[in-house]
Structure formats: structure tokens, C-alpha cells
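Below is the file upload.cif, which contains mmCIF, N, CA and C atoms.
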```cif
data_target
#
loop_
_atom_site.group_PDB
_atom_site.id
_atom_site.type_symbol
_atom_site.label_atom_id
_atom_site.label_comp_id
_atom_site.auth_asym_id
_atom_site.auth_seq_id
_atom_site.Cartn_x
_atom_site.Cartn_y
_atom_site.Cartn_z
ATOM 1 N N MET D 24 -6.764 -12.392 -4.091
ATOM 2 C CA MET D 24 -5.375 -12.762 -3.911
ATOM 3 C C MET D 24 -4.923 -12.305 -2.533
ATOM 4 N N GLU D 25 -4.208 -13.182 -1.895
ATOM 5 C CA GLU D 25 -3.542 -12.840 -0.640
ATOM 6 C C GLU D 25 -2.049 -12.948 -0.888
ATOM 7 N N TYR D 26 -1.265 -12.244 -0.092
ATOM 8 C CA TYR D 26 0.182 -12.333 -0.236
ATOM 9 C C TYR D 26 0.871 -12.221 1.109
ATOM 10 N N LYS D 27 2.065 -12.789 1.148
ATOM 11 C CA LYS D 27 2.921 -12.701 2.315
ATOM 12 C C LYS D 27 4.327 -12.438 1.790
ATOM 13 N N ILE D 28 5.055 -11.581 2.455
ATOM 14 C CA ILE D 28 6.400 -11.222 2.004
ATOM 15 C C ILE D 28 7.419 -11.604 3.076
ATOM 16 N N ASN D 29 8.420 -12.346 2.658
ATOM 17 C CA ASN D 29 9.542 -12.716 3.531
ATOM 18 C C ASN D 29 10.810 -12.136 2.923
ATOM 19 N N SER D 30 11.535 -11.346 3.701
ATOM 20 C CA SER D 30 12.751 -10.712 3.182
ATOM 21 C C SER D 30 13.975 -11.135 3.974
ATOM 22 N N THR D 31 15.056 -11.348 3.245
ATOM 23 C CA THR D 31 16.382 -11.562 3.826
ATOM 24 C C THR D 31 17.316 -10.608 3.083
ATOM 25 N N PRO D 32 18.545 -10.465 3.546
ATOM 26 C CA PRO D 32 19.463 -9.583 2.807
ATOM 27 C C PRO D 32 19.691 -10.024 1.354
ATOM 28 N N GLU D 33 19.559 -11.335 1.076
ATOM 29 C CA GLU D 33 19.842 -11.847 -0.265
ATOM 30 C C GLU D 33 18.618 -11.876 -1.177
ATOM 31 N N ALA D 34 17.427 -12.065 -0.603
ATOM 32 C CA ALA D 34 16.243 -12.265 -1.442
ATOM 33 C C ALA D 34 14.970 -11.810 -0.740
ATOM 34 N N THR D 35 14.005 -11.466 -1.561
ATOM 35 C CA THR D 35 12.655 -11.188 -1.076
ATOM 36 C C THR D 35 11.746 -12.211 -1.726
ATOM 37 N N GLU D 36 11.016 -12.941 -0.899
ATOM 38 C CA GLU D 36 10.098 -13.964 -1.381
ATOM 39 C C GLU D 36 8.674 -13.461 -1.195
ATOM 40 N N ILE D 37 7.917 -13.446 -2.281
ATOM 41 C CA ILE D 37 6.512 -13.040 -2.249
ATOM 42 C C ILE D 37 5.670 -14.279 -2.496
ATOM 43 N N LEU D 38 4.928 -14.699 -1.484
ATOM 44 C CA LEU D 38 4.081 -15.883 -1.590
ATOM 45 C C LEU D 38 2.668 -15.434 -1.916
ATOM 46 N N LEU D 39 2.170 -15.824 -3.078
ATOM 47 C CA LEU D 39 0.825 -15.462 -3.507
ATOM 48 C C LEU D 39 -0.102 -16.647 -3.310
ATOM 49 N N SER D 40 -1.355 -16.355 -2.921
ATOM 50 C CA SER D 40 -2.328 -17.438 -2.744
ATOM 51 C C SER D 40 -3.713 -16.965 -3.170
ATOM 52 N N GLY D 41 -4.575 -17.941 -3.443
ATOM 53 C CA GLY D 41 -5.950 -17.643 -3.845
ATOM 54 C C GLY D 41 -6.073 -17.448 -5.343
ATOM 55 N N ARG D 42 -6.855 -16.451 -5.710
ATOM 56 C CA ARG D 42 -7.125 -16.135 -7.113
ATOM 57 C C ARG D 42 -6.528 -14.769 -7.446
ATOM 58 N N MET D 43 -5.768 -14.691 -8.520
ATOM 59 C CA MET D 43 -5.135 -13.444 -8.936
ATOM 60 C C MET D 43 -5.870 -12.927 -10.168
ATOM 61 N N THR D 44 -6.656 -11.852 -9.969
ATOM 62 C CA THR D 44 -7.494 -11.318 -11.033
ATOM 63 C C THR D 44 -7.372 -9.801 -11.118
ATOM 64 N N PHE D 45 -8.097 -9.229 -12.049
ATOM 65 C CA PHE D 45 -8.098 -7.785 -12.249
ATOM 66 C C PHE D 45 -8.366 -7.021 -10.953
ATOM 67 N N SER D 46 -9.213 -7.532 -10.110
ATOM 68 C CA SER D 46 -9.576 -6.833 -8.871
ATOM 69 C C SER D 46 -8.422 -6.735 -7.874
ATOM 70 N N ASP D 47 -7.306 -7.375 -8.150
ATOM 71 C CA ASP D 47 -6.164 -7.366 -7.239
ATOM 72 C C ASP D 47 -5.111 -6.316 -7.567
ATOM 73 N N HIS D 48 -5.394 -5.425 -8.509
ATOM 74 C CA HIS D 48 -4.399 -4.419 -8.896
ATOM 75 C C HIS D 48 -3.883 -3.619 -7.706
ATOM 76 N N GLU D 49 -4.771 -3.172 -6.840
ATOM 77 C CA GLU D 49 -4.349 -2.340 -5.700
ATOM 78 C C GLU D 49 -3.439 -3.125 -4.747
ATOM 79 N N LYS D 50 -3.827 -4.346 -4.435
ATOM 80 C CA LYS D 50 -2.975 -5.183 -3.581
ATOM 81 C C LYS D 50 -1.620 -5.400 -4.241
ATOM 82 N N PHE D 51 -1.629 -5.605 -5.550
ATOM 83 C CA PHE D 51 -0.381 -5.874 -6.244
ATOM 84 C C PHE D 51 0.533 -4.648 -6.239
ATOM 85 N N ARG D 52 -0.046 -3.469 -6.265
ATOM 86 C CA ARG D 52 0.774 -2.250 -6.145
ATOM 87 C C ARG D 52 1.516 -2.239 -4.814
ATOM 88 N N ASN D 53 0.859 -2.712 -3.763
ATOM 89 C CA ASN D 53 1.513 -2.802 -2.456
ATOM 90 C C ASN D 53 2.686 -3.778 -2.498
ATOM 91 N N VAL D 54 2.523 -4.860 -3.234
ATOM 92 C CA VAL D 54 3.614 -5.832 -3.383
ATOM 93 C C VAL D 54 4.790 -5.182 -4.100
ATOM 94 N N ILE D 55 4.510 -4.516 -5.188
ATOM 95 C CA ILE D 55 5.583 -3.895 -5.979
ATOM 96 C C ILE D 55 6.285 -2.796 -5.192
ATOM 97 N N ALA D 56 5.575 -2.149 -4.288
ATOM 98 C CA ALA D 56 6.186 -1.108 -3.459
ATOM 99 C C ALA D 56 7.300 -1.666 -2.572
ATOM 100 N N THR D 57 7.337 -2.970 -2.371
ATOM 101 C CA THR D 57 8.377 -3.588 -1.541
ATOM 102 C C THR D 57 9.642 -3.895 -2.333
ATOM 103 N N PHE D 58 9.635 -3.670 -3.638
ATOM 104 C CA PHE D 58 10.804 -3.969 -4.466
ATOM 105 C C PHE D 58 11.923 -3.007 -4.083
ATOM 106 N N ASP D 59 12.877 -3.536 -3.375
ATOM 107 C CA ASP D 59 13.981 -2.725 -2.890
ATOM 108 C C ASP D 59 15.190 -3.640 -2.771
ATOM 109 N N GLY D 60 16.307 -3.089 -2.602
ATOM 110 C CA GLY D 60 17.491 -3.906 -2.401
ATOM 111 C C GLY D 60 18.622 -3.473 -3.300
ATOM 112 N N GLN D 61 19.769 -4.035 -3.016
ATOM 113 C CA GLN D 61 20.958 -3.755 -3.796
ATOM 114 C C GLN D 61 20.826 -4.361 -5.188
ATOM 115 N N LYS D 62 21.641 -3.880 -6.094
ATOM 116 C CA LYS D 62 21.683 -4.441 -7.441
ATOM 117 C C LYS D 62 21.875 -5.949 -7.345
ATOM 118 N N GLY D 63 21.047 -6.700 -8.062
ATOM 119 C CA GLY D 63 21.141 -8.148 -8.060
ATOM 120 C C GLY D 63 20.300 -8.837 -6.994
ATOM 121 N N HIS D 64 19.700 -8.062 -6.090
ATOM 122 C CA HIS D 64 18.827 -8.651 -5.059
ATOM 123 C C HIS D 64 17.759 -9.484 -5.758
ATOM 124 N N GLN D 65 17.490 -10.654 -5.223
ATOM 125 C CA GLN D 65 16.566 -11.602 -5.866
ATOM 126 C C GLN D 65 15.129 -11.371 -5.398
ATOM 127 N N MET D 66 14.210 -11.241 -6.354
ATOM 128 C CA MET D 66 12.774 -11.166 -6.095
ATOM 129 C C MET D 66 12.172 -12.483 -6.578
ATOM 130 N N VAL D 67 11.625 -13.261 -5.647
ATOM 131 C CA VAL D 67 11.089 -14.584 -5.972
ATOM 132 C C VAL D 67 9.585 -14.569 -5.729
ATOM 133 N N PHE D 68 8.824 -14.800 -6.771
ATOM 134 C CA PHE D 68 7.374 -14.913 -6.639
ATOM 135 C C PHE D 68 7.023 -16.390 -6.536
ATOM 136 N N ASP D 69 6.548 -16.801 -5.368
ATOM 137 C CA ASP D 69 6.144 -18.182 -5.142
ATOM 138 C C ASP D 69 4.654 -18.295 -5.461
ATOM 139 N N LEU D 70 4.336 -19.018 -6.520
ATOM 140 C CA LEU D 70 2.962 -19.132 -7.003
ATOM 141 C C LEU D 70 2.287 -20.423 -6.545
ATOM 142 N N SER D 71 2.924 -21.178 -5.670
ATOM 143 C CA SER D 71 2.390 -22.489 -5.287
ATOM 144 C C SER D 71 1.037 -22.401 -4.584
ATOM 145 N N GLY D 72 0.708 -21.265 -3.997
ATOM 146 C CA GLY D 72 -0.580 -21.098 -3.331
ATOM 147 C C GLY D 72 -1.666 -20.537 -4.224
ATOM 148 N N LEU D 73 -1.327 -20.192 -5.469
ATOM 149 C CA LEU D 73 -2.331 -19.636 -6.387
ATOM 150 C C LEU D 73 -3.168 -20.762 -6.980
ATOM 151 N N ASP D 74 -4.483 -20.575 -6.941
ATOM 152 C CA ASP D 74 -5.405 -21.532 -7.548
ATOM 153 C C ASP D 74 -5.820 -21.119 -8.952
ATOM 154 N N PHE D 75 -5.722 -19.814 -9.243
ATOM 155 C CA PHE D 75 -6.228 -19.286 -10.505
ATOM 156 C C PHE D 75 -5.518 -17.976 -10.807
ATOM 157 N N VAL D 76 -5.244 -17.743 -12.076
ATOM 158 C CA VAL D 76 -4.729 -16.455 -12.527
ATOM 159 C C VAL D 76 -5.372 -16.149 -13.868
ATOM 160 N N ASP D 77 -5.860 -14.903 -14.031
ATOM 161 C CA ASP D 77 -6.441 -14.512 -15.312
ATOM 162 C C ASP D 77 -5.424 -13.675 -16.088
ATOM 163 N N SER D 78 -5.836 -13.164 -17.236
ATOM 164 C CA SER D 78 -4.904 -12.411 -18.076
ATOM 165 C C SER D 78 -4.400 -11.152 -17.375
ATOM 166 N N SER D 79 -5.216 -10.537 -16.550
ATOM 167 C CA SER D 79 -4.764 -9.373 -15.785
ATOM 168 C C SER D 79 -3.683 -9.769 -14.793
ATOM 169 N N GLY D 80 -3.858 -10.915 -14.161
ATOM 170 C CA GLY D 80 -2.842 -11.414 -13.241
ATOM 171 C C GLY D 80 -1.530 -11.684 -13.943
ATOM 172 N N LEU D 81 -1.591 -12.259 -15.136
ATOM 173 C CA LEU D 81 -0.377 -12.475 -15.914
ATOM 174 C C LEU D 81 0.291 -11.141 -16.239
ATOM 175 N N GLY D 82 -0.530 -10.166 -16.581
ATOM 176 C CA GLY D 82 -0.005 -8.828 -16.875
ATOM 177 C C GLY D 82 0.684 -8.209 -15.669
ATOM 178 N N MET D 83 0.134 -8.430 -14.489
ATOM 179 C CA MET D 83 0.747 -7.899 -13.269
ATOM 180 C C MET D 83 2.124 -8.520 -13.044
ATOM 181 N N LEU D 84 2.264 -9.800 -13.342
ATOM 182 C CA LEU D 84 3.570 -10.444 -13.197
ATOM 183 C C LEU D 84 4.580 -9.867 -14.189
ATOM 184 N N ILE D 85 4.129 -9.558 -15.383
ATOM 185 C CA ILE D 85 5.018 -8.935 -16.375
ATOM 186 C C ILE D 85 5.441 -7.548 -15.903
ATOM 187 N N ILE D 86 4.507 -6.786 -15.368
ATOM 188 C CA ILE D 86 4.833 -5.454 -14.828
ATOM 189 C C ILE D 86 5.846 -5.579 -13.698
ATOM 190 N N ALA D 87 5.636 -6.548 -12.801
ATOM 191 C CA ALA D 87 6.568 -6.749 -11.692
ATOM 192 C C ALA D 87 7.969 -7.060 -12.202
ATOM 193 N N ARG D 88 8.050 -7.936 -13.208
ATOM 194 C CA ARG D 88 9.349 -8.266 -13.792
ATOM 195 C C ARG D 88 10.023 -7.030 -14.375
ATOM 196 N N ASP D 89 9.244 -6.213 -15.095
ATOM 197 C CA ASP D 89 9.808 -5.008 -15.710
ATOM 198 C C ASP D 89 10.315 -4.019 -14.664
ATOM 199 N N ILE D 90 9.569 -3.847 -13.588
ATOM 200 C CA ILE D 90 9.998 -2.941 -12.517
ATOM 201 C C ILE D 90 11.262 -3.474 -11.848
ATOM 202 N N ALA D 91 11.309 -4.777 -11.611
ATOM 203 C CA ALA D 91 12.517 -5.370 -11.025
ATOM 204 C C ALA D 91 13.726 -5.122 -11.926
ATOM 205 N N GLN D 92 13.555 -5.310 -13.224
ATOM 206 C CA GLN D 92 14.666 -5.083 -14.151
ATOM 207 C C GLN D 92 15.133 -3.631 -14.120
ATOM 208 N N LYS D 93 14.196 -2.684 -14.062
ATOM 209 C CA LYS D 93 14.561 -1.267 -14.008
ATOM 210 C C LYS D 93 15.348 -0.937 -12.748
ATOM 211 N N LYS D 94 15.096 -1.684 -11.678
ATOM 212 C CA LYS D 94 15.798 -1.462 -10.412
ATOM 213 C C LYS D 94 17.023 -2.363 -10.269
ATOM 214 N N SER D 95 17.388 -3.068 -11.339
ATOM 215 C CA SER D 95 18.536 -3.991 -11.369
ATOM 216 C C SER D 95 18.405 -5.113 -10.348
ATOM 217 N N LEU D 96 17.178 -5.574 -10.138
ATOM 218 C CA LEU D 96 16.914 -6.714 -9.266
ATOM 219 C C LEU D 96 16.717 -7.940 -10.147
ATOM 220 N N THR D 97 17.067 -9.105 -9.642
ATOM 221 C CA THR D 97 16.775 -10.321 -10.388
ATOM 222 C C THR D 97 15.362 -10.770 -10.038
ATOM 223 N N PHE D 98 14.731 -11.499 -10.931
ATOM 224 C CA PHE D 98 13.312 -11.823 -10.778
ATOM 225 C C PHE D 98 13.073 -13.244 -11.261
ATOM 226 N N CYS D 99 12.315 -14.007 -10.472
ATOM 227 C CA CYS D 99 11.946 -15.338 -10.935
ATOM 228 C C CYS D 99 10.597 -15.747 -10.366
ATOM 229 N N LEU D 100 10.004 -16.725 -11.023
ATOM 230 C CA LEU D 100 8.732 -17.308 -10.595
ATOM 231 C C LEU D 100 9.007 -18.731 -10.141
ATOM 232 N N ARG D 101 8.239 -19.179 -9.148
ATOM 233 C CA ARG D 101 8.460 -20.519 -8.614
ATOM 234 C C ARG D 101 7.125 -21.156 -8.221
ATOM 235 N N GLY D 102 7.040 -22.454 -8.431
ATOM 236 C CA GLY D 102 5.985 -23.251 -7.837
ATOM 237 C C GLY D 102 4.613 -23.231 -8.481
ATOM 238 N N ALA D 103 4.486 -22.724 -9.697
ATOM 239 C CA ALA D 103 3.162 -22.726 -10.345
ATOM 240 C C ALA D 103 2.680 -24.162 -10.501
ATOM 241 N N ARG D 104 1.383 -24.367 -10.287
ATOM 242 C CA ARG D 104 0.832 -25.719 -10.384
ATOM 243 C C ARG D 104 -0.540 -25.678 -11.046
ATOM 244 N N ASP D 105 -0.979 -26.820 -11.500
ATOM 245 C CA ASP D 105 -2.324 -27.034 -12.045
ATOM 246 C C ASP D 105 -2.704 -25.966 -13.072
ATOM 247 N N ASP D 106 -3.860 -25.315 -12.873
ATOM 248 C CA ASP D 106 -4.371 -24.344 -13.849
ATOM 249 C C ASP D 106 -3.412 -23.172 -14.062
ATOM 250 N N VAL D 107 -2.775 -22.719 -13.004
ATOM 251 C CA VAL D 107 -1.838 -21.594 -13.134
ATOM 252 C C VAL D 107 -0.670 -22.000 -14.029
ATOM 253 N N GLN D 108 -0.161 -23.188 -13.827
ATOM 254 C CA GLN D 108 0.942 -23.674 -14.656
ATOM 255 C C GLN D 108 0.511 -23.794 -16.123
ATOM 256 N N ARG D 109 -0.694 -24.299 -16.361
ATOM 257 C CA ARG D 109 -1.192 -24.434 -17.744
ATOM 258 C C ARG D 109 -1.330 -23.071 -18.424
ATOM 259 N N VAL D 110 -1.882 -22.101 -17.724
ATOM 260 C CA VAL D 110 -2.044 -20.762 -18.300
ATOM 261 C C VAL D 110 -0.677 -20.159 -18.617
ATOM 262 N N MET D 111 0.276 -20.350 -17.727
ATOM 263 C CA MET D 111 1.612 -19.813 -17.971
ATOM 264 C C MET D 111 2.271 -20.495 -19.171
ATOM 265 N N LYS D 112 2.024 -21.780 -19.373
ATOM 266 C CA LYS D 112 2.566 -22.476 -20.552
ATOM 267 C C LYS D 112 1.962 -21.912 -21.829
ATOM 268 N N VAL D 113 0.640 -21.729 -21.836
ATOM 269 C CA VAL D 113 -0.036 -21.188 -23.011
ATOM 270 C C VAL D 113 0.489 -19.785 -23.325
ATOM 271 N N ALA D 114 0.728 -18.990 -22.276
ATOM 272 C CA ALA D 114 1.226 -17.620 -22.452
ATOM 273 C C ALA D 114 2.730 -17.575 -22.733
ATOM 274 N N LYS D 115 3.369 -18.752 -22.754
ATOM 275 C CA LYS D 115 4.807 -18.872 -23.028
ATOM 276 C C LYS D 115 5.661 -18.076 -22.038
ATOM 277 N N PHE D 116 5.266 -18.120 -20.772
ATOM 278 C CA PHE D 116 6.024 -17.430 -19.733
ATOM 279 C C PHE D 116 7.441 -17.973 -19.602
ATOM 280 N N ASN D 117 7.651 -19.217 -20.008
ATOM 281 C CA ASN D 117 8.993 -19.780 -19.932
ATOM 282 C C ASN D 117 9.978 -19.033 -20.827
ATOM 283 N N LYS D 118 9.489 -18.293 -21.805
ATOM 284 C CA LYS D 118 10.362 -17.506 -22.679
ATOM 285 C C LYS D 118 10.607 -16.100 -22.130
ATOM 286 N N MET D 119 9.757 -15.671 -21.172
ATOM 287 C CA MET D 119 9.860 -14.308 -20.641
ATOM 288 C C MET D 119 10.423 -14.248 -19.227
ATOM 289 N N PHE D 120 10.384 -15.376 -18.522
ATOM 290 C CA PHE D 120 10.739 -15.391 -17.107
ATOM 291 C C PHE D 120 11.712 -16.520 -16.804
ATOM 292 N N THR D 121 12.450 -16.334 -15.726
ATOM 293 C CA THR D 121 13.172 -17.444 -15.137
ATOM 294 C C THR D 121 12.159 -18.154 -14.243
ATOM 295 N N ILE D 122 11.944 -19.441 -14.496
ATOM 296 C CA ILE D 122 10.965 -20.204 -13.729
ATOM 297 C C ILE D 122 11.690 -21.357 -13.067
ATOM 298 N N ILE D 123 11.542 -21.444 -11.749
ATOM 299 C CA ILE D 123 12.136 -22.538 -10.988
ATOM 300 C C ILE D 123 11.009 -23.434 -10.477
ATOM 301 N N ASP D 124 11.260 -24.719 -10.475
ATOM 302 C CA ASP D 124 10.251 -25.670 -10.005
ATOM 303 C C ASP D 124 10.275 -25.848 -8.534
#
```
Here is a file; write its structure as C-alpha cells.
Amino acid sequence: MEYKINSTPEATEILLSGRMTFSDHEKFRNVIATFDGQKGHQMVFDLSGLDFVDSSGLGMLIIARDIAQKKSLTFCLRGARDDVQRVMKVAKFNKMFTIID
């Protein structure tokens, strides 16, 4: 998994690309370390560059959401496609996350 972070005063956008698997835990900790901002600051995970996500990757997204909630940040997922979108449907992420197309 590769990532790029774009921040503005209103939102932080995390663009993920490649394959998101168990081996990415350390990189993902670096992403979560950027969770900062005023109450209500938007954290947007752009998944349009992801080709694959396994169950560990799904778990990392749940952890990220939980940390954002503890810090009173808003959290959403955007742009999942193909296999990533199918896995998220099976995992019923639409019931756990705000998902924007």
C-alpha cells in the first residue's frame, strides 16, 4: 500500500493505492498519526487507487474510523471500485461508514 496525504483547514484527504494487506500495519500507523484537527474536521479516505484489500485492510479502516470518532473527527470513505467495492459490500461497510461515490 502506498499513501499520500493532502490537508486543508477543513479536511484531510488520504489517498490509498496498491494493495492493502496485513503487511501494511506499520504504514497505516503513520497514516493514523496524522489524525488531527478541530472537532468535526473531515477525514476522507480515497480508495480509488486501491486494487485489493484483505480482511486486515478492512480492519485497519475500522480502527481508523474508531480513532477519528474518539478525536471527534468526521470520517468517510470514497471512491472504492472493482474488487475493493465488492469486498466492502460483502462486509456491509455501508452500515458502518459514510461512503461517498
Identify, on the basis of only C-alpha atoms, every residue whose closest approach to segment 27-29 of chain D does not exceed 10 Å; exclude the query and any residue fewer than 3 positions from it along the same chain; express the result as a PyMOL selection string.
chain D and resi 34-40+54+57+67-69
Extract the full set of strand (DSSP E) residues from segment 33-78 of chain D according to DSSP on the backbone, and format it as a PyMOL selection string.
chain D and resi 34-43+65-76
Shell of 8 Å around segment 79-83 of chain D, only N, CA and C atoms, local chain residues under 3 positions omitted, as a PDB file with N, CA and C atoms, in the coordinates of the input:
```
ATOM      1  N   ARG D  42      -6.855 -16.451  -5.710  1.00  0.00           N
ATOM      2  CA  ARG D  42      -7.125 -16.135  -7.113  1.00  0.00           C
ATOM      3  C   ARG D  42      -6.528 -14.769  -7.446  1.00  0.00           C
ATOM      4  N   MET D  43      -5.768 -14.691  -8.520  1.00  0.00           N
ATOM      5  CA  MET D  43      -5.135 -13.444  -8.936  1.00  0.00           C
ATOM      6  C   MET D  43      -5.870 -12.927 -10.168  1.00  0.00           C
ATOM      7  N   THR D  44      -6.656 -11.852  -9.969  1.00  0.00           N
ATOM      8  CA  THR D  44      -7.494 -11.318 -11.033  1.00  0.00           C
ATOM      9  C   THR D  44      -7.372  -9.801 -11.118  1.00  0.00           C
ATOM     10  N   PHE D  45      -8.097  -9.229 -12.049  1.00  0.00           N
ATOM     11  CA  PHE D  45      -8.098  -7.785 -12.249  1.00  0.00           C
ATOM     12  C   PHE D  45      -8.366  -7.021 -10.953  1.00  0.00           C
ATOM     13  N   SER D  46      -9.213  -7.532 -10.110  1.00  0.00           N
ATOM     14  CA  SER D  46      -9.576  -6.833  -8.871  1.00  0.00           C
ATOM     15  C   SER D  46      -8.422  -6.735  -7.874  1.00  0.00           C
ATOM     16  N   ASP D  47      -7.306  -7.375  -8.150  1.00  0.00           N
ATOM     17  CA  ASP D  47      -6.164  -7.366  -7.239  1.00  0.00           C
ATOM     18  C   ASP D  47      -5.111  -6.316  -7.567  1.00  0.00           C
ATOM     19  N   HIS D  48      -5.394  -5.425  -8.509  1.00  0.00           N
ATOM     20  CA  HIS D  48      -4.399  -4.419  -8.896  1.00  0.00           C
ATOM     21  C   HIS D  48      -3.883  -3.619  -7.706  1.00  0.00           C
ATOM     22  N   PHE D  51      -1.629  -5.605  -5.550  1.00  0.00           N
ATOM     23  CA  PHE D  51      -0.381  -5.874  -6.244  1.00  0.00           C
ATOM     24  C   PHE D  51       0.533  -4.648  -6.239  1.00  0.00           C
ATOM     25  N   PHE D  75      -5.722 -19.814  -9.243  1.00  0.00           N
ATOM     26  CA  PHE D  75      -6.228 -19.286 -10.505  1.00  0.00           C
ATOM     27  C   PHE D  75      -5.518 -17.976 -10.807  1.00  0.00           C
ATOM     28  N   VAL D  76      -5.244 -17.743 -12.076  1.00  0.00           N
ATOM     29  CA  VAL D  76      -4.729 -16.455 -12.527  1.00  0.00           C
ATOM     30  C   VAL D  76      -5.372 -16.149 -13.868  1.00  0.00           C
ATOM     31  N   ILE D  86       4.507  -6.786 -15.368  1.00  0.00           N
ATOM     32  CA  ILE D  86       4.833  -5.454 -14.828  1.00  0.00           C
ATOM     33  C   ILE D  86       5.846  -5.579 -13.698  1.00  0.00           C
ATOM     34  N   ALA D  87       5.636  -6.548 -12.801  1.00  0.00           N
ATOM     35  CA  ALA D  87       6.568  -6.749 -11.692  1.00  0.00           C
ATOM     36  C   ALA D  87       7.969  -7.060 -12.202  1.00  0.00           C
ATOM     37  N   ARG D  88       8.050  -7.936 -13.208  1.00  0.00           N
ATOM     38  CA  ARG D  88       9.349  -8.266 -13.792  1.00  0.00           C
ATOM     39  C   ARG D  88      10.023  -7.030 -14.375  1.00  0.00           C
ATOM     40  N   ASP D  89       9.244  -6.213 -15.095  1.00  0.00           N
ATOM     41  CA  ASP D  89       9.808  -5.008 -15.710  1.00  0.00           C
ATOM     42  C   ASP D  89      10.315  -4.019 -14.664  1.00  0.00           C
ATOM     43  N   MET D 111       0.276 -20.350 -17.727  1.00  0.00           N
ATOM     44  CA  MET D 111       1.612 -19.813 -17.971  1.00  0.00           C
ATOM     45  C   MET D 111       2.271 -20.495 -19.171  1.00  0.00           C
TER      46      MET D 111
END
```
Written as a list in words, which residues does the PyMOL selection byres (((chain D and resi 74 and name CA) around 7) and name CA) give for the file shown?
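Taken on the displayed file, the PyMOL selection byres (((chain D and resi 74 and name CA) around 7) and name CA) yields the residues Gly41, Arg42, Gly72, Leu73, Phe75, Asp106 and Val107 of chain D.
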Pick out the closest residue to Ala56 of chain D from this set: D:Glu33, D:Glu25, D:Lys94, D:Phe120. Count only C-alpha atoms.
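With only C-alpha atoms as the atom set, the closest residue is D:Lys94.
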Between atom N of Ala91 of chain D and atom N of Val110 of chain D, what is the distance, to one decimal in Å?
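Spanning atom N of Ala91 of chain D to atom N of Val110 of chain D is a straight-line distance of 22.6 Å.
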Can you list, as a ChimeraX atom specification, all residues belonging to chain D that DSSP tags as helix (DSSP H, G or I)?
/D:45-55,78-93,105-113,116-118
